[in-house]
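Here is the file input_7.cif (mmCIF, C-alpha atoms).
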data_run
#
loop_
_atom_site.group_PDB
_atom_site.id
_atom_site.type_symbol
_atom_site.label_atom_id
_atom_site.label_comp_id
_atom_site.auth_asym_id
_atom_site.auth_seq_id
_atom_site.Cartn_x
_atom_site.Cartn_y
_atom_site.Cartn_z
ATOM 1 C CA ALA A 1 -30.321 0.315 -31.960
ATOM 2 C CA ALA A 2 -28.658 -2.238 -29.704
ATOM 3 C CA ALA A 3 -31.665 -4.488 -29.943
ATOM 4 C CA ASP A 4 -31.782 -4.217 -33.691
ATOM 5 C CA GLN A 5 -29.633 -7.064 -34.992
ATOM 6 C CA LYS A 6 -29.352 -5.447 -38.400
ATOM 7 C CA TYR A 7 -27.479 -2.482 -36.916
ATOM 8 C CA VAL A 8 -25.457 -4.725 -34.644
ATOM 9 C CA ALA A 9 -24.352 -6.904 -37.565
ATOM 10 C CA ALA A 10 -23.392 -3.842 -39.619
ATOM 11 C CA TYR A 11 -21.418 -2.322 -36.742
ATOM 12 C CA GLU A 12 -19.714 -5.646 -36.052
ATOM 13 C CA GLU A 13 -18.541 -5.772 -39.652
ATOM 14 C CA ILE A 14 -17.166 -2.217 -39.345
ATOM 15 C CA VAL A 15 -15.331 -2.894 -36.092
ATOM 16 C CA GLU A 16 -13.960 -6.196 -37.404
ATOM 17 C CA ASP A 17 -12.487 -4.227 -40.314
ATOM 18 C CA TRP A 18 -10.950 -1.746 -37.854
ATOM 19 C CA CYS A 19 -9.433 -4.652 -35.934
ATOM 20 C CA ASN A 20 -7.922 -6.091 -39.103
ATOM 21 C CA GLN A 21 -6.411 -2.725 -40.058
ATOM 22 C CA VAL A 22 -4.939 -2.220 -36.589
ATOM 23 C CA ASP A 23 -3.573 -5.771 -36.615
ATOM 24 C CA ARG A 24 -1.755 -5.045 -39.863
ATOM 25 C CA LEU A 25 -0.254 -1.858 -38.430
ATOM 26 C CA LEU A 26 0.820 -3.629 -35.249
ATOM 27 C CA GLY A 27 2.352 -6.338 -37.411
ATOM 28 C CA GLU A 28 4.854 -3.811 -38.812
ATOM 29 C CA THR A 29 7.627 -4.699 -36.401
ATOM 30 C CA ASP A 30 11.348 -3.983 -36.169
ATOM 31 C CA GLU A 31 12.099 -7.392 -37.650
ATOM 32 C CA ASN A 32 10.143 -7.015 -40.889
ATOM 33 C CA ARG A 33 11.019 -3.441 -41.854
ATOM 34 C CA ASP A 34 11.820 -3.009 -45.535
ATOM 35 C CA GLU A 35 15.086 -1.071 -45.389
ATOM 36 C CA PRO A 36 18.309 -1.150 -47.413
ATOM 37 C CA ASP A 37 21.257 -2.796 -45.708
ATOM 38 C CA ASP A 38 23.172 0.492 -45.708
ATOM 39 C CA ALA A 39 20.410 2.610 -44.106
ATOM 40 C CA GLY A 40 21.656 5.435 -41.882
ATOM 41 C CA PRO A 41 20.516 6.477 -38.383
ATOM 42 C CA SER A 42 18.092 9.150 -39.626
ATOM 43 C CA THR A 43 15.883 6.329 -40.939
ATOM 44 C CA GLU A 44 15.424 5.176 -37.356
ATOM 45 C CA LEU A 45 13.894 8.483 -36.257
ATOM 46 C CA ASP A 46 11.865 8.666 -39.489
ATOM 47 C CA TYR A 47 10.432 5.200 -38.848
ATOM 48 C CA TRP A 48 9.303 5.978 -35.309
ATOM 49 C CA ARG A 49 7.945 9.410 -36.255
ATOM 50 C CA THR A 50 5.857 7.816 -38.990
ATOM 51 C CA ARG A 51 4.657 5.092 -36.620
ATOM 52 C CA MET A 52 3.771 7.671 -33.953
ATOM 53 C CA GLY A 53 1.801 9.655 -36.541
ATOM 54 C CA LYS A 54 -0.204 6.592 -37.553
ATOM 55 C CA PHE A 55 -1.141 5.695 -33.981
ATOM 56 C CA ASN A 56 -1.916 9.311 -33.085
ATOM 57 C CA SER A 57 -4.240 9.414 -36.091
ATOM 58 C CA ILE A 58 -6.035 6.276 -34.901
ATOM 59 C CA THR A 59 -6.384 7.720 -31.388
ATOM 60 C CA GLU A 60 -7.896 10.951 -32.741
ATOM 61 C CA GLN A 61 -10.316 9.069 -35.012
ATOM 62 C CA LEU A 62 -11.557 6.987 -32.094
ATOM 63 C CA LYS A 63 -12.661 10.201 -30.361
ATOM 64 C CA GLN A 64 -15.030 11.051 -33.228
ATOM 65 C CA PRO A 65 -18.764 10.153 -33.123
ATOM 66 C CA ALA A 66 -18.373 7.988 -36.234
ATOM 67 C CA CYS A 67 -16.203 5.653 -34.128
ATOM 68 C CA LYS A 68 -17.750 6.117 -30.710
ATOM 69 C CA VAL A 69 -21.325 5.235 -31.769
ATOM 70 C CA PRO A 70 -20.581 1.771 -33.227
ATOM 71 C CA LEU A 71 -18.445 0.885 -30.212
ATOM 72 C CA ALA A 72 -21.138 2.048 -27.774
ATOM 73 C CA VAL A 73 -23.815 0.045 -29.590
ATOM 74 C CA LEU A 74 -21.707 -3.107 -29.608
ATOM 75 C CA GLN A 75 -20.831 -2.593 -25.956
ATOM 76 C CA MET A 76 -24.524 -2.393 -25.026
ATOM 77 C CA SER A 77 -25.355 -5.459 -27.095
ATOM 78 C CA LYS A 78 -22.443 -7.365 -25.539
ATOM 79 C CA SER A 79 -21.087 -8.203 -28.959
ATOM 80 C CA ARG A 80 -18.364 -10.839 -29.186
ATOM 81 C CA VAL A 81 -16.319 -8.407 -31.312
ATOM 82 C CA MET A 82 -15.753 -6.125 -28.321
ATOM 83 C CA LYS A 83 -13.418 -8.554 -26.586
ATOM 84 C CA ARG A 84 -11.061 -8.443 -29.553
ATOM 85 C CA TRP A 85 -11.436 -4.675 -29.847
ATOM 86 C CA ARG A 86 -10.661 -4.012 -26.174
ATOM 87 C CA THR A 87 -7.481 -6.060 -26.448
ATOM 88 C CA LEU A 88 -6.411 -4.125 -29.533
ATOM 89 C CA ASP A 89 -7.383 -0.806 -27.956
ATOM 90 C CA ASN A 90 -4.985 -1.491 -25.081
ATOM 91 C CA THR A 91 -2.302 -2.524 -27.553
ATOM 92 C CA ILE A 92 -2.803 0.727 -29.502
ATOM 93 C CA THR A 93 -2.211 2.688 -26.294
ATOM 94 C CA ASP A 94 0.991 0.760 -25.587
ATOM 95 C CA ALA A 95 2.225 1.119 -29.168
ATOM 96 C CA THR A 96 1.493 4.860 -29.157
ATOM 97 C CA ASN A 97 3.424 5.332 -25.926
ATOM 98 C CA GLU A 98 6.307 3.273 -27.308
ATOM 99 C CA ALA A 99 6.524 5.329 -30.509
ATOM 100 C CA LYS A 100 6.335 8.650 -28.627
ATOM 101 C CA ASP A 101 9.041 7.583 -26.189
ATOM 102 C CA ASN A 102 11.327 6.364 -28.968
ATOM 103 C CA VAL A 103 10.891 9.598 -30.924
ATOM 104 C CA LYS A 104 11.695 11.620 -27.809
ATOM 105 C CA TYR A 105 15.014 9.890 -27.186
ATOM 106 C CA LEU A 106 16.058 9.484 -30.819
ATOM 107 C CA SER A 107 15.433 13.208 -31.334
ATOM 108 C CA THR A 108 18.134 13.982 -28.759
ATOM 109 C CA LEU A 109 20.661 12.401 -31.149
ATOM 110 C CA ASP A 110 19.728 14.666 -34.065
ATOM 111 C CA LYS A 111 22.473 17.251 -33.577
ATOM 112 C CA TYR A 112 25.117 14.534 -33.220
ATOM 113 C CA ILE A 113 23.901 12.596 -36.260
ATOM 114 C CA GLU A 114 23.866 15.682 -38.498
ATOM 115 C CA PRO A 115 27.711 15.799 -38.808
ATOM 116 C CA LEU A 116 27.616 12.188 -40.017
ATOM 117 C CA GLU A 117 25.488 13.331 -42.937
ATOM 118 C CA THR A 118 26.838 16.816 -43.692
ATOM 119 C CA GLY A 119 30.343 16.922 -42.189
ATOM 120 C CA ASP A 120 33.582 15.096 -42.878
ATOM 121 C CA PRO A 121 35.571 12.502 -40.896
ATOM 122 C CA VAL A 122 37.315 15.224 -38.878
ATOM 123 C CA THR A 123 34.087 16.937 -37.750
ATOM 124 C CA ILE A 124 32.508 13.544 -37.024
ATOM 125 C CA ILE A 125 35.368 12.734 -34.646
ATOM 126 C CA ASP A 126 34.562 15.946 -32.757
ATOM 127 C CA ALA A 127 30.903 14.864 -32.467
ATOM 128 C CA LEU A 128 31.654 11.330 -31.225
ATOM 129 C CA PRO A 129 31.820 12.045 -27.449
ATOM 130 C CA GLY A 130 28.373 13.699 -27.517
ATOM 131 C CA LEU A 131 26.916 10.944 -29.701
ATOM 132 C CA LEU A 132 28.191 8.148 -27.482
ATOM 133 C CA ASN A 133 27.218 9.936 -24.271
ATOM 134 C CA ASN A 134 23.648 10.490 -25.456
ATOM 135 C CA THR A 135 23.431 6.904 -26.691
ATOM 136 C CA ARG A 136 24.549 5.769 -23.226
ATOM 137 C CA MET A 137 21.795 7.894 -21.669
ATOM 138 C CA MET A 138 19.242 6.309 -24.015
ATOM 139 C CA LEU A 139 20.344 2.860 -22.930
ATOM 140 C CA THR A 140 20.046 3.857 -19.283
ATOM 141 C CA ILE A 141 16.692 5.658 -19.218
ATOM 142 C CA ALA A 142 14.708 4.977 -22.404
ATOM 143 C CA ARG A 143 11.764 2.765 -21.509
ATOM 144 C CA TYR A 144 11.287 1.040 -24.863
ATOM 145 C CA TYR A 145 14.296 1.660 -27.080
ATOM 146 C CA SER A 146 16.985 0.326 -24.768
ATOM 147 C CA THR A 147 16.772 -3.290 -25.941
ATOM 148 C CA ARG A 148 19.940 -5.011 -27.099
ATOM 149 C CA GLU A 149 18.556 -5.503 -30.605
ATOM 150 C CA ARG A 150 17.428 -1.906 -31.101
ATOM 151 C CA MET A 151 20.598 -0.359 -29.748
ATOM 152 C CA THR A 152 22.717 -2.643 -31.940
ATOM 153 C CA LEU A 153 20.615 -1.630 -34.948
ATOM 154 C CA LEU A 154 21.111 2.058 -34.139
ATOM 155 C CA PHE A 155 24.900 1.653 -33.866
ATOM 156 C CA ARG A 156 24.979 -0.350 -37.100
ATOM 157 C CA LYS A 157 23.164 2.487 -38.880
ATOM 158 C CA VAL A 158 25.610 5.009 -37.404
ATOM 159 C CA THR A 159 28.419 2.884 -38.838
ATOM 160 C CA ASN A 160 26.691 2.805 -42.234
ATOM 161 C CA GLN A 161 26.505 6.592 -42.264
ATOM 162 C CA MET A 162 30.179 6.953 -41.321
ATOM 163 C CA ILE A 163 31.205 4.681 -44.187
ATOM 164 C CA ALA A 164 28.995 6.618 -46.617
ATOM 165 C CA ASN A 165 30.524 9.866 -45.363
ATOM 166 C CA CYS A 166 34.061 8.552 -45.818
ATOM 167 C CA ARG A 167 33.300 7.375 -49.350
ATOM 168 C CA ARG A 168 31.927 10.789 -50.268
ATOM 169 C CA TYR A 169 34.840 12.564 -48.594
ATOM 170 C CA VAL A 170 37.398 10.556 -50.554
ATOM 171 C CA THR A 171 35.662 10.820 -53.938
ATOM 172 C CA ASP A 172 34.317 14.411 -53.777
ATOM 173 C CA PRO A 173 37.495 15.922 -55.316
ATOM 174 C CA GLY A 174 37.042 13.569 -58.293
ATOM 175 C CA PRO A 175 38.019 10.026 -59.366
ATOM 176 C CA ILE A 176 40.773 8.801 -57.051
ATOM 177 C CA TRP A 177 43.175 8.171 -59.945
ATOM 178 C CA GLU A 178 42.931 11.836 -60.953
ATOM 179 C CA GLN A 179 43.498 13.320 -57.499
ATOM 180 C CA ASP A 180 46.743 14.638 -56.070
ATOM 181 C CA THR A 181 48.254 11.562 -54.446
ATOM 182 C CA GLN A 182 49.344 13.266 -51.214
ATOM 183 C CA ASP A 183 45.925 14.867 -50.730
ATOM 184 C CA LEU A 184 44.222 11.566 -51.421
ATOM 185 C CA ILE A 185 46.412 9.731 -48.889
ATOM 186 C CA LYS A 186 45.633 12.428 -46.316
ATOM 187 C CA ARG A 187 41.892 11.914 -46.830
ATOM 188 C CA LEU A 188 42.259 8.155 -46.586
ATOM 189 C CA HIS A 189 44.220 8.511 -43.338
ATOM 190 C CA GLU A 190 41.425 10.695 -41.921
ATOM 191 C CA CYS A 191 38.910 7.941 -42.678
ATOM 192 C CA VAL A 192 41.058 5.453 -40.757
ATOM 193 C CA ALA A 193 41.350 7.952 -37.893
ATOM 194 C CA LEU A 194 37.537 8.127 -37.730
ATOM 195 C CA TYR A 195 37.274 4.338 -37.521
ATOM 196 C CA GLU A 196 39.829 4.247 -34.702
ATOM 197 C CA ALA A 197 38.203 7.150 -32.811
ATOM 198 C CA TYR A 198 34.764 5.523 -33.122
ATOM 199 C CA GLN A 199 36.097 2.267 -31.679
ATOM 200 C CA GLU A 200 37.887 4.143 -28.895
ATOM 201 C CA GLN A 201 34.843 6.200 -27.886
ATOM 202 C CA TYR A 202 32.623 3.111 -27.929
ATOM 203 C CA HIS A 203 34.956 1.111 -25.698
ATOM 204 C CA GLN A 204 35.484 4.049 -23.319
ATOM 205 C CA THR A 205 31.713 4.382 -22.939
ATOM 206 C CA ARG A 206 31.389 0.648 -22.350
ATOM 207 C CA GLU A 207 34.067 0.791 -19.644
ATOM 208 C CA ARG A 208 32.260 3.658 -17.879
ATOM 209 C CA LEU A 209 29.058 1.611 -17.803
ATOM 210 C CA GLU A 210 30.947 -1.385 -16.416
ATOM 211 C CA GLN A 211 31.744 0.693 -13.338
ATOM 212 C CA THR A 212 28.064 0.243 -12.425
ATOM 213 C CA PRO A 213 27.616 -3.516 -12.875
ATOM 214 C CA SER A 214 23.966 -3.431 -11.776
ATOM 215 C CA GLY A 215 23.025 -1.054 -14.619
ATOM 216 C CA LYS A 216 22.496 -1.707 -18.299
ATOM 217 C CA GLN A 217 25.649 -2.407 -20.283
ATOM 218 C CA PHE A 218 27.026 -2.008 -23.791
ATOM 219 C CA ASP A 219 26.831 -5.775 -24.268
ATOM 220 C CA PHE A 220 26.047 -5.485 -27.962
ATOM 221 C CA ASP A 221 27.286 -7.540 -30.913
ATOM 222 C CA VAL A 222 30.430 -5.587 -31.861
ATOM 223 C CA ASN A 223 30.817 -7.563 -35.093
ATOM 224 C CA ARG A 224 27.434 -6.305 -36.269
ATOM 225 C CA ILE A 225 28.348 -2.764 -35.222
ATOM 226 C CA PHE A 226 31.917 -2.485 -36.506
ATOM 227 C CA GLY A 227 32.273 -5.355 -38.987
ATOM 228 C CA LYS A 228 31.514 -3.372 -42.155
ATOM 229 C CA PHE A 229 33.681 -0.461 -41.019
ATOM 230 C CA GLU A 230 36.576 -2.820 -40.274
ATOM 231 C CA LEU A 231 36.395 -4.220 -43.807
ATOM 232 C CA PHE A 232 36.230 -0.680 -45.181
ATOM 233 C CA GLN A 233 39.252 0.320 -43.076
ATOM 234 C CA ARG A 234 41.229 -2.641 -44.430
ATOM 235 C CA ARG A 235 40.454 -1.573 -48.002
ATOM 236 C CA VAL A 236 41.506 1.987 -47.166
ATOM 237 C CA ASP A 237 44.794 0.768 -45.659
ATOM 238 C CA LYS A 238 45.509 -1.193 -48.855
ATOM 239 C CA LEU A 239 44.748 1.879 -50.949
ATOM 240 C CA VAL A 240 47.123 3.946 -48.841
ATOM 241 C CA ASP A 241 49.871 1.363 -49.379
ATOM 242 C CA MET A 242 49.147 1.221 -53.104
ATOM 243 C CA PHE A 243 49.205 4.984 -53.615
ATOM 244 C CA LYS A 244 52.348 5.372 -51.507
ATOM 245 C CA THR A 245 54.003 2.800 -53.753
ATOM 246 C CA PHE A 246 52.674 4.664 -56.785
ATOM 247 C CA GLU A 247 54.183 7.887 -55.416
ATOM 248 C CA GLN A 248 57.539 6.176 -54.843
ATOM 249 C CA PHE A 249 57.683 4.788 -58.377
ATOM 250 C CA SER A 250 56.651 8.176 -59.776
ATOM 251 C CA ALA A 251 59.616 9.706 -57.913
ATOM 252 C CA LEU A 252 61.943 7.026 -59.316
ATOM 253 C CA ALA A 253 60.638 7.721 -62.821
ATOM 254 C CA ARG A 254 61.322 11.435 -62.417
ATOM 255 C CA HIS A 255 64.965 10.758 -61.433
ATOM 256 C CA ASN A 256 65.689 8.492 -64.441
ATOM 257 C CA ILE A 257 67.698 5.988 -62.374
ATOM 258 C CA GLU A 258 69.796 3.790 -64.621
ATOM 259 C CA GLY A 259 68.708 0.172 -64.879
ATOM 260 C CA MET A 260 65.231 0.803 -63.459
ATOM 261 C CA ASP A 261 63.474 1.657 -66.737
ATOM 262 C CA GLY A 262 62.030 -1.797 -67.400
ATOM 263 C CA PHE A 263 60.975 -2.282 -63.797
ATOM 264 C CA ILE A 264 59.268 1.122 -63.658
ATOM 265 C CA THR A 265 57.563 0.644 -67.031
ATOM 266 C CA ASN A 266 56.221 -2.724 -65.912
ATOM 267 C CA PHE A 267 54.856 -1.192 -62.710
ATOM 268 C CA PHE A 268 53.051 1.611 -64.539
ATOM 269 C CA ASN A 269 51.587 -0.904 -67.008
ATOM 270 C CA ILE A 270 50.137 -2.803 -64.064
ATOM 271 C CA MET A 271 48.730 0.440 -62.645
ATOM 272 C CA ASP A 272 47.208 1.399 -66.000
ATOM 273 C CA ASP A 273 45.563 -2.008 -66.204
ATOM 274 C CA LEU A 274 44.172 -1.547 -62.692
ATOM 275 C CA LYS A 275 42.763 1.873 -63.606
ATOM 276 C CA ARG A 276 40.809 0.307 -66.459
ATOM 277 C CA LYS A 277 39.133 -2.222 -64.174
ATOM 278 C CA PRO A 278 35.502 -1.362 -63.363
ATOM 279 C CA TYR A 279 36.114 -1.898 -59.638
ATOM 280 C CA ASP A 280 34.952 0.298 -56.824
ATOM 281 C CA LEU A 281 38.217 0.339 -54.893
ATOM 282 C CA LEU A 282 36.483 1.639 -51.753
#
Let me see whether you can do it: turn the structure in this file into structure tokens.
Amino acid sequence: AAADQKYVAAYEEIVEDWCNQVDRLLGETDENRDEPDDAGPSTELDYWRTRMGKFNSITEQLKQPACKVPLAVLQMSKSRVMKRWRTLDNTITDATNEAKDNVKYLSTLDKYIEPLETGDPVTIIDALPGLLNNTRMMLTIARYYSTRERMTLLFRKVTNQMIANCRRYVTDPGPIWEQDTQDLIKRLHECVALYEAYQEQYHQTRERLEQTPSGKQFDFDVNRIFGKFELFQRRVDKLVDMFKTFEQFSALARHNIEGMDGFITNFFNIMDDLKRKPYDLL
């Protein structure tokens, strides 16, 4: 069949199509992923699992006669298409190894990421040392994932999940205006405590790495990692101040202090107006 140009031309068209399909898959890079800005860390493992599955599927298909015959024919006929195919075949191997390695290391974070999704700020704080320690190990020994950009992305997604958890934790009992004020303030304080513990664990891990200057470091963009959480923490602090003030005025109203009626009424009018605003205070 190698001498038969009709077969060669047909097989070249098939292999060219394979090359185009593989090129499109390889073109799905970290930079052009279609993800929401608030994506959590589980999306990272999902992405690499899906990518590994695609490349494993290609590898298995290439072992079948339907793929081996056209490639053998084109190899014998010294087709020009084979140069492009060989380059892509090597790239497929590299991409498969990359995806497998990334899945292996990201999977070790699963049990530490679960509390971010199902727990509360208090249980997340308990999980932080394990999460940071395993992330440090990934940076040190992962062959492919330990780039500055990928590690920063992972931390940013961890931050996203913490913020989502805090929002749910604060609003689960019901609209914040309808909650017991003391209980609400307690929940808000626990969200701030998580932010502070996360920062502390991160910086402690960075300092441990700095003790080995020749090794990889936590030299990531901290603004990208913590920036959204810092803004969230500032909003929470303002809410705490507001609800403490609300509690104080409620106490004054209960005591009927002479001369304060107008002042207290004015305050509660302002609060009622604020309640009617369609704002997400968190």
Pick out the residues sitting within 8 Å of stretch 96-101 of chain A, and hand them over as a list in words; count only C-alpha atoms, and ignore anything fewer than 2 positions along from it in its own chain.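 With the cut-off at 8 Å, the set is Trp48, Arg49, Arg51, Met52, Phe55, Asn56, Ile92, Thr93, Asp94, Val103, Lys104, Tyr105, Ala142, Arg143, Tyr144 and Tyr145 of chain A.
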Between atom CA of A:Phe246 and atom CA of A:Leu282, what distance in Å does the model show, to one decimal?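 Between atom CA of A:Phe246 and atom CA of A:Leu282 the gap works out to 17.2 Å.
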Best match for closeness to A:Arg136 among A:Ser42, A:Thr245, A:Thr159, A:Thr108, counting all atoms listed in the file: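 Closest to A:Arg136 of all the choices is A:Thr108.
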Extract, using all atoms listed in the file, all DNA, RNA and protein residues at most 8 Å from stretch 222-238 of chain A, discarding same-chain residues fewer than 4 positions from it, and format them as a ChimeraX atom specification. /A:152-153,155-156,159-160,163,188,191-192,195,199,242,281-282
So which residues touch A:Gln201 within 8 Å, counting only C-alpha atoms, skipping near sequence neighbours fewer than 2 positions away, as a ChimeraX atom specification? /A:128-129,132,197-199,203-205
From A:Val81, A:Tyr112, A:Tyr169, A:Gln182, residue lying nearest A:Asn133 [all atoms listed in the file]: A:Tyr112
Have a look at atom CA of A:Lys186 and atom CA of A:Asp37 and let me know their distance in Å, one decimal.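 Those two atoms sit 28.7 Å apart.
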